[in-house]
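Colleague: Please see the structure below; I have some questions.
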Amino acid sequence: MVLWVFGYGSLIWNPGFDFDEKLIGYIKDYKRVFDLACIDHRGTPEHPARTCTLEQSIGAICWGAAYCVKGGPEKEKLAMEYLERRECEYDSKTLVEFYTETDTSTPIVTGVIVFTSTPDKVSNKYYLGPAPLEEMARQIATATGPCGNNREYLFKLEKALYDIEHEEEYVIELANEVRKQLDLPEEVKTLLKPVVSRVLVKSQAHASSTRQRVFVS
């Protein structure tokens, strides 16, 4: 038996468990949203952070990384125990199909586990729901917890998507709004702004663009 897990948030740049293979690709009919509360890593119960979850959206795609764990039941068990502790704010595990650029019509892996959250504030105490961009940015700019601040999580996600050559406008827009919200000296804010140069990267829609970004957390 082989275990596959899809990461779309911090798992992209920091899986934290022993894996045997990593593939860059996407899942269909889901979009990334910052609608989940984090109260023990990058936030507190009094001031929760906002972290990623997935929202079903027909026709959407969500880029990330799929990790394969081989080596038998014990190795898979250790990986899942770690992930369930780390992803404790997600109340569901969903099986999805995983695609890569080599074949957009046929999944390269099926039965991939992804941690998701029920979009219901009554049954899921960690679900915050959507909010206006400025309100979300203020929350992300100021929340902090035992594992660091919330804005670092967002900036690292922005950079991780850039590194896999599939930037996401939603993440970029939110990160830029957080930069505006930060109460920092002007010279530091300048460092946090994206810098444009002539470097070709791929966008989520497989089109070409000529932006390069500098990321500072």
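FYI, nothing fancy with the structure tokens labels: chains A, B, ... in order, residues from 1 per chain, ligands from 1 as they appear.
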Could you give me, as CSV, every region 67-99 of chain A residue with an atom at most 10 Å from region 48-62 of chain A, plus its closest atom pair and distance in Å to one decimal, counting only C-alpha atoms, rows ordered by chain then number?
Modeller:
```
residue,atom,partner,partner_atom,distance
A:Glu89,CA,A:Thr53,CA,9.9
A:Tyr90,CA,A:Thr53,CA,8.1
A:Tyr99,CA,A:Ile61,CA,9.8
```
Colleague: Export, as an mmCIF file, in the first residue's frame, the selected residues with all heavy atoms.
Modeller:
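again_11.cif, freshly written:
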```cif
data_model
loop_
_atom_site.group_PDB
_atom_site.id
_atom_site.type_symbol
_atom_site.label_atom_id
_atom_site.label_comp_id
_atom_site.auth_asym_id
_atom_site.auth_seq_id
_atom_site.Cartn_x
_atom_site.Cartn_y
_atom_site.Cartn_z
ATOM 1 N N GLU A 89 -6.703 21.352 12.986
ATOM 2 C CA GLU A 89 -7.801 22.287 12.791
ATOM 3 C C GLU A 89 -8.673 21.933 11.580
ATOM 4 O O GLU A 89 -9.718 22.541 11.368
ATOM 5 C CB GLU A 89 -7.248 23.708 12.651
ATOM 6 C CG GLU A 89 -6.877 24.325 13.996
ATOM 7 C CD GLU A 89 -5.502 24.967 14.008
ATOM 8 O OE1 GLU A 89 -4.774 24.842 13.011
ATOM 9 O OE2 GLU A 89 -5.166 25.580 15.039
ATOM 10 N N TYR A 90 -8.216 20.962 10.785
ATOM 11 C CA TYR A 90 -9.003 20.485 9.646
ATOM 12 C C TYR A 90 -9.827 19.285 10.095
ATOM 13 O O TYR A 90 -9.285 18.330 10.644
ATOM 14 C CB TYR A 90 -8.079 20.095 8.491
ATOM 15 C CG TYR A 90 -7.266 21.261 7.966
ATOM 16 C CD1 TYR A 90 -6.060 21.611 8.565
ATOM 17 C CD2 TYR A 90 -7.709 22.015 6.892
ATOM 18 C CE1 TYR A 90 -5.313 22.689 8.106
ATOM 19 C CE2 TYR A 90 -6.969 23.093 6.419
ATOM 20 C CZ TYR A 90 -5.773 23.418 7.032
ATOM 21 O OH TYR A 90 -5.045 24.488 6.568
ATOM 22 N N TYR A 99 -3.293 15.863 -10.699
ATOM 23 C CA TYR A 99 -2.881 16.033 -12.090
ATOM 24 C C TYR A 99 -1.541 16.770 -12.157
ATOM 25 O O TYR A 99 -1.198 17.545 -11.264
ATOM 26 C CB TYR A 99 -3.911 16.859 -12.869
ATOM 27 C CG TYR A 99 -5.280 16.242 -12.949
ATOM 28 C CD1 TYR A 99 -6.175 16.334 -11.885
ATOM 29 C CD2 TYR A 99 -5.701 15.576 -14.101
ATOM 30 C CE1 TYR A 99 -7.438 15.770 -11.961
ATOM 31 C CE2 TYR A 99 -6.969 15.019 -14.185
ATOM 32 C CZ TYR A 99 -7.830 15.112 -13.111
ATOM 33 O OH TYR A 99 -9.089 14.560 -13.191
#
```
Colleague: Quick check for you: according to DSSP on this backbone, which residues of region 73-159 of chain A are classed as strand (DSSP E or B)? Reply as a list of chain:residue names.
Modeller: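 Reading the DSSP output for region 73-159 of chain A, strand (DSSP E or B) covers A:Ser92, A:Lys93, A:Thr94, A:Leu95, A:Val96, A:Glu97, A:Phe98, A:Tyr99, A:Thr100, A:Asp103, A:Val109, A:Thr110, A:Gly111, A:Val112, A:Ile113, A:Val114, A:Phe115, A:Thr116, A:Tyr127, A:Thr144, A:Gly145, A:Gly148, A:Asn149.
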Colleague: So which residues touch Ser105 (chain A) within 12 Å, counting only C-alpha atoms, skipping near sequence neighbours fewer than 4 positions away, as a ChimeraX atom specification?
Modeller: /A:26-28,97-101
Colleague: Pick out the residues sitting within 12 Å of Met1 (chain A), and hand them over as a list in words; count only C-alpha atoms, and ignore anything fewer than 2 positions along from it in its own chain.
Modeller: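 What passes the distance filter is Leu3, Trp4, Cys68, Val69, Lys70, Gly71, Gly72, Pro73, Glu74, Lys75, Glu76, Lys77 and Gly111 of chain A.
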Colleague: Suppose you want the space between CA of Lys125 (chain A) and CA of Pro146 (chain A); what is it in Å?
Modeller: 20.1 Å
Colleague: Using only C-alpha atoms, I'd like a table of the residues in region 85-169 of chain A that come within 9 Å of region 13-20 of chain A; for each, show the closest atom pair and its distance in Å rounded to one decimal, ordered by chain and ascending number, as a Markdown table.
Modeller:
```
| residue | atom | partner | partner_atom | distance |
| --- | --- | --- | --- | --- |
| A:Lys156 | CA | A:Trp13 | CA | 7.8 |
| A:Leu157 | CA | A:Trp13 | CA | 7.8 |
| A:Ala160 | CA | A:Trp13 | CA | 6.2 |
```
Colleague: Name the residues of region 29-209 of chain A that fall into alpha helix (DSSP H) according to DSSP on the backbone, using the chain letters and numbers of this document, as a PDB file with N, CA and C atoms, in the first residue's frame.
Modeller:
```
ATOM      1  N   PRO A  73       3.129  -0.279   6.277  1.00  0.00           N
ATOM      2  CA  PRO A  73       2.117   0.317   7.162  1.00  0.00           C
ATOM      3  C   PRO A  73       2.690   1.172   8.279  1.00  0.00           C
ATOM      4  N   GLU A  74       3.819   0.781   8.854  1.00  0.00           N
ATOM      5  CA  GLU A  74       4.371   1.523   9.986  1.00  0.00           C
ATOM      6  C   GLU A  74       4.823   2.917   9.573  1.00  0.00           C
ATOM      7  N   LYS A  75       5.479   3.005   8.423  1.00  0.00           N
ATOM      8  CA  LYS A  75       5.939   4.306   7.920  1.00  0.00           C
ATOM      9  C   LYS A  75       4.753   5.198   7.574  1.00  0.00           C
ATOM     10  N   GLU A  76       3.737   4.601   6.956  1.00  0.00           N
ATOM     11  CA  GLU A  76       2.531   5.370   6.620  1.00  0.00           C
ATOM     12  C   GLU A  76       1.821   5.836   7.890  1.00  0.00           C
ATOM     13  N   LYS A  77       1.769   4.972   8.890  1.00  0.00           N
ATOM     14  CA  LYS A  77       1.122   5.313  10.159  1.00  0.00           C
ATOM     15  C   LYS A  77       1.821   6.493  10.826  1.00  0.00           C
ATOM     16  N   LEU A  78       3.146   6.479  10.829  1.00  0.00           N
ATOM     17  CA  LEU A  78       3.899   7.580  11.434  1.00  0.00           C
ATOM     18  C   LEU A  78       3.628   8.898  10.702  1.00  0.00           C
ATOM     19  N   ALA A  79       3.576   8.835   9.376  1.00  0.00           N
ATOM     20  CA  ALA A  79       3.304  10.043   8.589  1.00  0.00           C
ATOM     21  C   ALA A  79       1.908  10.583   8.888  1.00  0.00           C
ATOM     22  N   MET A  80       0.907   9.701   8.950  1.00  0.00           N
ATOM     23  CA  MET A  80      -0.465  10.144   9.196  1.00  0.00           C
ATOM     24  C   MET A  80      -0.637  10.663  10.619  1.00  0.00           C
ATOM     25  N   GLU A  81       0.014  10.029  11.566  1.00  0.00           N
ATOM     26  CA  GLU A  81      -0.078  10.513  12.954  1.00  0.00           C
ATOM     27  C   GLU A  81       0.496  11.922  13.062  1.00  0.00           C
ATOM     28  N   TYR A  82       1.619  12.149  12.383  1.00  0.00           N
ATOM     29  CA  TYR A  82       2.215  13.486  12.372  1.00  0.00           C
ATOM     30  C   TYR A  82       1.270  14.491  11.719  1.00  0.00           C
ATOM     31  N   LEU A  83       0.726  14.132  10.554  1.00  0.00           N
ATOM     32  CA  LEU A  83      -0.142  15.054   9.817  1.00  0.00           C
ATOM     33  C   LEU A  83      -1.422  15.359  10.588  1.00  0.00           C
ATOM     34  N   GLU A  84      -1.990  14.368  11.243  1.00  0.00           N
ATOM     35  CA  GLU A  84      -3.225  14.602  11.996  1.00  0.00           C
ATOM     36  C   GLU A  84      -2.999  15.511  13.193  1.00  0.00           C
ATOM     37  N   ARG A  85      -1.821  15.421  13.805  1.00  0.00           N
ATOM     38  CA  ARG A  85      -1.494  16.367  14.889  1.00  0.00           C
ATOM     39  C   ARG A  85      -1.314  17.772  14.324  1.00  0.00           C
ATOM     40  N   ARG A  86      -0.571  17.858  13.233  1.00  0.00           N
ATOM     41  CA  ARG A  86      -0.274  19.168  12.649  1.00  0.00           C
ATOM     42  C   ARG A  86      -1.509  19.822  12.041  1.00  0.00           C
ATOM     43  N   LEU A 133     -11.222  41.838   1.982  1.00  0.00           N
ATOM     44  CA  LEU A 133      -9.772  41.721   1.845  1.00  0.00           C
ATOM     45  C   LEU A 133      -9.030  42.509   2.921  1.00  0.00           C
ATOM     46  N   GLU A 134      -9.428  43.747   3.164  1.00  0.00           N
ATOM     47  CA  GLU A 134      -8.722  44.582   4.140  1.00  0.00           C
ATOM     48  C   GLU A 134      -8.844  44.007   5.551  1.00  0.00           C
ATOM     49  N   GLU A 135     -10.015  43.473   5.874  1.00  0.00           N
ATOM     50  CA  GLU A 135     -10.208  42.881   7.199  1.00  0.00           C
ATOM     51  C   GLU A 135      -9.335  41.642   7.374  1.00  0.00           C
ATOM     52  N   MET A 136      -9.286  40.792   6.356  1.00  0.00           N
ATOM     53  CA  MET A 136      -8.429  39.617   6.415  1.00  0.00           C
ATOM     54  C   MET A 136      -6.965  40.011   6.543  1.00  0.00           C
ATOM     55  N   ALA A 137      -6.560  41.033   5.783  1.00  0.00           N
ATOM     56  CA  ALA A 137      -5.168  41.481   5.810  1.00  0.00           C
ATOM     57  C   ALA A 137      -4.788  42.022   7.186  1.00  0.00           C
ATOM     58  N   ARG A 138      -5.685  42.769   7.830  1.00  0.00           N
ATOM     59  CA  ARG A 138      -5.401  43.283   9.178  1.00  0.00           C
ATOM     60  C   ARG A 138      -5.194  42.138  10.161  1.00  0.00           C
ATOM     61  N   GLN A 139      -6.034  41.120  10.049  1.00  0.00           N
ATOM     62  CA  GLN A 139      -5.926  39.971  10.944  1.00  0.00           C
ATOM     63  C   GLN A 139      -4.607  39.234  10.719  1.00  0.00           C
ATOM     64  N   ILE A 140      -4.251  39.020   9.460  1.00  0.00           N
ATOM     65  CA  ILE A 140      -3.014  38.307   9.132  1.00  0.00           C
ATOM     66  C   ILE A 140      -1.784  39.130   9.524  1.00  0.00           C
ATOM     67  N   ALA A 141      -1.861  40.437   9.365  1.00  0.00           N
ATOM     68  CA  ALA A 141      -0.724  41.304   9.666  1.00  0.00           C
ATOM     69  C   ALA A 141      -0.398  41.337  11.156  1.00  0.00           C
ATOM     70  N   THR A 142      -1.373  41.068  12.005  1.00  0.00           N
ATOM     71  CA  THR A 142      -1.177  41.249  13.449  1.00  0.00           C
ATOM     72  C   THR A 142      -1.185  39.956  14.253  1.00  0.00           C
ATOM     73  N   ASN A 150       1.486  35.239  11.539  1.00  0.00           N
ATOM     74  CA  ASN A 150       0.594  34.857  10.459  1.00  0.00           C
ATOM     75  C   ASN A 150       1.071  35.364   9.101  1.00  0.00           C
ATOM     76  N   ARG A 151       1.647  36.579   9.087  1.00  0.00           N
ATOM     77  CA  ARG A 151       2.071  37.143   7.804  1.00  0.00           C
ATOM     78  C   ARG A 151       3.204  36.333   7.191  1.00  0.00           C
ATOM     79  N   GLU A 152       4.078  35.750   8.032  1.00  0.00           N
ATOM     80  CA  GLU A 152       5.159  34.916   7.529  1.00  0.00           C
ATOM     81  C   GLU A 152       4.595  33.710   6.781  1.00  0.00           C
ATOM     82  N   TYR A 153       3.533  33.122   7.322  1.00  0.00           N
ATOM     83  CA  TYR A 153       2.857  31.993   6.664  1.00  0.00           C
ATOM     84  C   TYR A 153       2.386  32.396   5.268  1.00  0.00           C
ATOM     85  N   LEU A 154       1.739  33.544   5.170  1.00  0.00           N
ATOM     86  CA  LEU A 154       1.234  34.015   3.881  1.00  0.00           C
ATOM     87  C   LEU A 154       2.371  34.317   2.918  1.00  0.00           C
ATOM     88  N   PHE A 155       3.413  35.010   3.389  1.00  0.00           N
ATOM     89  CA  PHE A 155       4.530  35.351   2.508  1.00  0.00           C
ATOM     90  C   PHE A 155       5.275  34.097   2.046  1.00  0.00           C
ATOM     91  N   LYS A 156       5.387  33.098   2.919  1.00  0.00           N
ATOM     92  CA  LYS A 156       6.046  31.855   2.527  1.00  0.00           C
ATOM     93  C   LYS A 156       5.214  31.094   1.499  1.00  0.00           C
ATOM     94  N   LEU A 157       3.899  31.142   1.640  1.00  0.00           N
ATOM     95  CA  LEU A 157       3.034  30.521   0.637  1.00  0.00           C
ATOM     96  C   LEU A 157       3.180  31.225  -0.705  1.00  0.00           C
ATOM     97  N   GLU A 158       3.191  32.546  -0.672  1.00  0.00           N
ATOM     98  CA  GLU A 158       3.376  33.332  -1.894  1.00  0.00           C
ATOM     99  C   GLU A 158       4.677  32.928  -2.591  1.00  0.00           C
ATOM    100  N   LYS A 159       5.748  32.812  -1.819  1.00  0.00           N
ATOM    101  CA  LYS A 159       7.037  32.436  -2.393  1.00  0.00           C
ATOM    102  C   LYS A 159       7.036  30.986  -2.877  1.00  0.00           C
ATOM    103  N   ALA A 160       6.395  30.090  -2.127  1.00  0.00           N
ATOM    104  CA  ALA A 160       6.354  28.682  -2.523  1.00  0.00           C
ATOM    105  C   ALA A 160       5.643  28.499  -3.859  1.00  0.00           C
ATOM    106  N   LEU A 161       4.560  29.238  -4.062  1.00  0.00           N
ATOM    107  CA  LEU A 161       3.847  29.155  -5.338  1.00  0.00           C
ATOM    108  C   LEU A 161       4.685  29.753  -6.461  1.00  0.00           C
ATOM    109  N   TYR A 162       5.420  30.803  -6.153  1.00  0.00           N
ATOM    110  CA  TYR A 162       6.352  31.372  -7.136  1.00  0.00           C
ATOM    111  C   TYR A 162       7.430  30.349  -7.494  1.00  0.00           C
ATOM    112  N   ASP A 163       7.959  29.666  -6.478  1.00  0.00           N
ATOM    113  CA  ASP A 163       9.037  28.709  -6.698  1.00  0.00           C
ATOM    114  C   ASP A 163       8.601  27.536  -7.571  1.00  0.00           C
ATOM    115  N   GLU A 169      -3.116  34.716  -8.125  1.00  0.00           N
ATOM    116  CA  GLU A 169      -3.467  36.130  -7.957  1.00  0.00           C
ATOM    117  C   GLU A 169      -4.121  36.409  -6.606  1.00  0.00           C
ATOM    118  N   TYR A 170      -4.946  35.488  -6.140  1.00  0.00           N
ATOM    119  CA  TYR A 170      -5.614  35.665  -4.851  1.00  0.00           C
ATOM    120  C   TYR A 170      -4.589  35.801  -3.723  1.00  0.00           C
ATOM    121  N   VAL A 171      -3.585  34.939  -3.728  1.00  0.00           N
ATOM    122  CA  VAL A 171      -2.551  34.970  -2.692  1.00  0.00           C
ATOM    123  C   VAL A 171      -1.714  36.235  -2.813  1.00  0.00           C
ATOM    124  N   ILE A 172      -1.357  36.618  -4.037  1.00  0.00           N
ATOM    125  CA  ILE A 172      -0.557  37.822  -4.263  1.00  0.00           C
ATOM    126  C   ILE A 172      -1.315  39.064  -3.789  1.00  0.00           C
ATOM    127  N   GLU A 173      -2.604  39.144  -4.131  1.00  0.00           N
ATOM    128  CA  GLU A 173      -3.406  40.304  -3.743  1.00  0.00           C
ATOM    129  C   GLU A 173      -3.507  40.420  -2.223  1.00  0.00           C
ATOM    130  N   LEU A 174      -3.728  39.291  -1.552  1.00  0.00           N
ATOM    131  CA  LEU A 174      -3.828  39.308  -0.100  1.00  0.00           C
ATOM    132  C   LEU A 174      -2.489  39.674   0.535  1.00  0.00           C
ATOM    133  N   ALA A 175      -1.396  39.112   0.005  1.00  0.00           N
ATOM    134  CA  ALA A 175      -0.065  39.422   0.546  1.00  0.00           C
ATOM    135  C   ALA A 175       0.274  40.900   0.377  1.00  0.00           C
ATOM    136  N   ASN A 176      -0.073  41.467  -0.759  1.00  0.00           N
ATOM    137  CA  ASN A 176       0.193  42.896  -0.976  1.00  0.00           C
ATOM    138  C   ASN A 176      -0.629  43.769  -0.039  1.00  0.00           C
ATOM    139  N   GLU A 177      -1.848  43.354   0.265  1.00  0.00           N
ATOM    140  CA  GLU A 177      -2.676  44.117   1.203  1.00  0.00           C
ATOM    141  C   GLU A 177      -2.099  44.033   2.613  1.00  0.00           C
ATOM    142  N   VAL A 178      -1.560  42.864   2.973  1.00  0.00           N
ATOM    143  CA  VAL A 178      -0.913  42.726   4.288  1.00  0.00           C
ATOM    144  C   VAL A 178       0.301  43.644   4.369  1.00  0.00           C
ATOM    145  N   ARG A 179       1.076  43.737   3.297  1.00  0.00           N
ATOM    146  CA  ARG A 179       2.240  44.634   3.278  1.00  0.00           C
ATOM    147  C   ARG A 179       1.798  46.081   3.547  1.00  0.00           C
ATOM    148  N   LYS A 180       0.670  46.450   3.004  1.00  0.00           N
ATOM    149  CA  LYS A 180       0.158  47.812   3.226  1.00  0.00           C
ATOM    150  C   LYS A 180      -0.236  48.032   4.679  1.00  0.00           C
ATOM    151  N   GLN A 181      -0.724  46.964   5.316  1.00  0.00           N
ATOM    152  CA  GLN A 181      -1.239  47.077   6.679  1.00  0.00           C
ATOM    153  C   GLN A 181      -0.129  47.128   7.731  1.00  0.00           C
ATOM    154  N   GLU A 186       9.305  52.880   6.714  1.00  0.00           N
ATOM    155  CA  GLU A 186       9.137  52.930   5.266  1.00  0.00           C
ATOM    156  C   GLU A 186      10.223  52.147   4.525  1.00  0.00           C
ATOM    157  N   GLU A 187      11.457  52.178   5.056  1.00  0.00           N
ATOM    158  CA  GLU A 187      12.534  51.459   4.367  1.00  0.00           C
ATOM    159  C   GLU A 187      12.324  49.951   4.419  1.00  0.00           C
ATOM    160  N   VAL A 188      11.688  49.448   5.499  1.00  0.00           N
ATOM    161  CA  VAL A 188      11.388  48.019   5.585  1.00  0.00           C
ATOM    162  C   VAL A 188      10.226  47.669   4.665  1.00  0.00           C
ATOM    163  N   LYS A 189       9.221  48.543   4.614  1.00  0.00           N
ATOM    164  CA  LYS A 189       8.097  48.306   3.706  1.00  0.00           C
ATOM    165  C   LYS A 189       8.578  48.219   2.266  1.00  0.00           C
ATOM    166  N   THR A 190       9.557  49.018   1.926  1.00  0.00           N
ATOM    167  CA  THR A 190      10.097  48.983   0.565  1.00  0.00           C
ATOM    168  C   THR A 190      10.675  47.616   0.257  1.00  0.00           C
ATOM    169  N   LEU A 191      11.357  47.017   1.230  1.00  0.00           N
ATOM    170  CA  LEU A 191      11.921  45.689   1.031  1.00  0.00           C
ATOM    171  C   LEU A 191      10.836  44.635   0.853  1.00  0.00           C
ATOM    172  N   LEU A 192       9.690  44.844   1.457  1.00  0.00           N
ATOM    173  CA  LEU A 192       8.604  43.875   1.395  1.00  0.00           C
ATOM    174  C   LEU A 192       7.807  43.955   0.101  1.00  0.00           C
TER     175      LEU A 192
END
```
Colleague: Which of these, A:Ser117, A:Asn149, A:Thr144, A:Asn124, has the shortest distance to Phe34 (chain A) once you count only C-alpha atoms?
Modeller: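 Closest to Phe34 (chain A), using only C-alpha atoms: A:Ser117.
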